[in-house]
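Student: Dumping the structure here so I can ask a few things about it.
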Amino acid sequence: MNTRTIGAKYEKLAQNHLTENGCKIITTNYHFHKMGEIDIIYYDTVNEFGKDVRYLCFGEVKYRKSNQSGGAIGAVNYQKQRKISAVAMGFVKQYDINLNHPMRFDVITVDGNDINWLKNAFYYVK
């Protein structure tokens with residue numbers, strides 16, 4: 001199996017995990033010009049202080065066979081965060097989304113057979 005096929009398999013696994021947890025997938029593998037790609041863009045509704053808040057989420061999926069060398073989360077370094085932030089801003093501008101709309105950056109890791117959904121894993125990086 002090549003790298004792209006393996007990546008697609010685990011991205012699908014992450015999508016299923018998100019939808020099973022109430023998220024609505026907007027798009028997958030979103031490209032903005034040649035800046036890069038965001039694996040999954042979706043809405044997640046969270047109850048905060050007795051009020052439902054609908055977040056626009058930009059999700060990065062990372063897979064590792066094991067967590068020996070830092071695991072999947074270690075692969076979402078500063079440079080990757082910066083690239084995801086730039087692509088997210090492209091999405092927001094392309095679809096004329098109000099910058100005051102609640103948004104967050106999540107990372108969905110697959111380490112072996114363990115799926116971890118890290119909400120608000122990092123902040124926007126300029």
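Residues in the structure tokens are named by chain (A, B, ... in the order shown) and by number from 1 within that chain; ligands are numbered from 1 in the order shown.
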Based on DSSP run over this structure's backbone, return all residues of chain A in helix (DSSP H, G or I), as a ChimeraX atom specification.

Tutor: /A:3-20,73-75,78-94

Student: Please identify all polymer residues within 7 Å of A:Lys119, counting only C-alpha atoms, omitting same-chain residues fewer than 5 positions from it, and present them as an NGL selection string.

Tutor: :A and (105-107)

Student: For N, CA, C and O atoms, I'd like the residues from the last selection saved as an mmCIF file, in the first residue's frame.

Tutor:
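Contents of part-v4.cif, as written:
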data_model
loop_
_atom_site.group_PDB
_atom_site.id
_atom_site.type_symbol
_atom_site.label_atom_id
_atom_site.label_comp_id
_atom_site.auth_asym_id
_atom_site.auth_seq_id
_atom_site.Cartn_x
_atom_site.Cartn_y
_atom_site.Cartn_z
ATOM 1 N N PHE A 105 -8.788 24.679 15.649
ATOM 2 C CA PHE A 105 -7.900 23.763 14.948
ATOM 3 C C PHE A 105 -7.778 22.487 15.781
ATOM 4 O O PHE A 105 -7.350 22.541 16.934
ATOM 5 N N ASP A 106 -8.188 21.382 15.184
ATOM 6 C CA ASP A 106 -8.154 20.098 15.873
ATOM 7 C C ASP A 106 -7.129 19.189 15.205
ATOM 8 O O ASP A 106 -6.797 19.363 14.031
ATOM 9 N N VAL A 107 -6.671 18.217 15.957
ATOM 10 C CA VAL A 107 -5.812 17.172 15.412
ATOM 11 C C VAL A 107 -6.434 15.841 15.816
ATOM 12 O O VAL A 107 -6.763 15.635 16.980
#

Student: Work out how far atom CA of A:Arg82 is from atom CA of A:Glu20, in Å to one decimal.

Tutor: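 Calculated distance between atom CA of A:Glu20 and atom CA of A:Arg82 is 28.8 Å.
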
Student: Taking 5 positions as the minimum chain separation for residues in the same chain, which residues sit within 10 Å of A:Lys83 when counting only C-alpha atoms? Answer as JSON, numbers by chain.

Tutor: {"A": [35, 36, 37, 38, 78, 88, 89, 124, 125, 126]}

Student: Which one is closest to A:Asn100: A:Leu56, A:Val61, A:Val76, A:Ile115? Count only C-alpha atoms.

Tutor: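 Among the listed residues, the smallest separation from A:Asn100 belongs to A:Leu56.
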
Student: Here is a test: counting only C-alpha atoms, which residue of A:His101, A:Val87, A:Ile26, A:Tyr63 is nearest to A:Asn113?

Tutor: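 So, comparing all the options, the nearest one is A:Tyr63.
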
Student: Can you pull out every residue from chain A that DSSP, working from the backbone, puts in strand (DSSP E), and format the result as a PyMOL selection string?

Tutor: chain A and resi 24-32+36-48+51-64+103-111+114-122

Student: Using only C-alpha atoms, find the one residue out of A:Asn29, A:Asn16, A:Gln79, A:Asn120 that sits nearest to A:Arg4.

Tutor: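 Residue with the minimum atom-to-atom distance to A:Arg4: A:Asn29.
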
Student: Counting only C-alpha atoms, figure out which residue out of A:Met103, A:Lys24, A:Ala121, A:Lys51 gets nearest to A:Gln81.

Tutor: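 Using only C-alpha atoms, the shortest distance to A:Gln81 belongs to A:Ala121.
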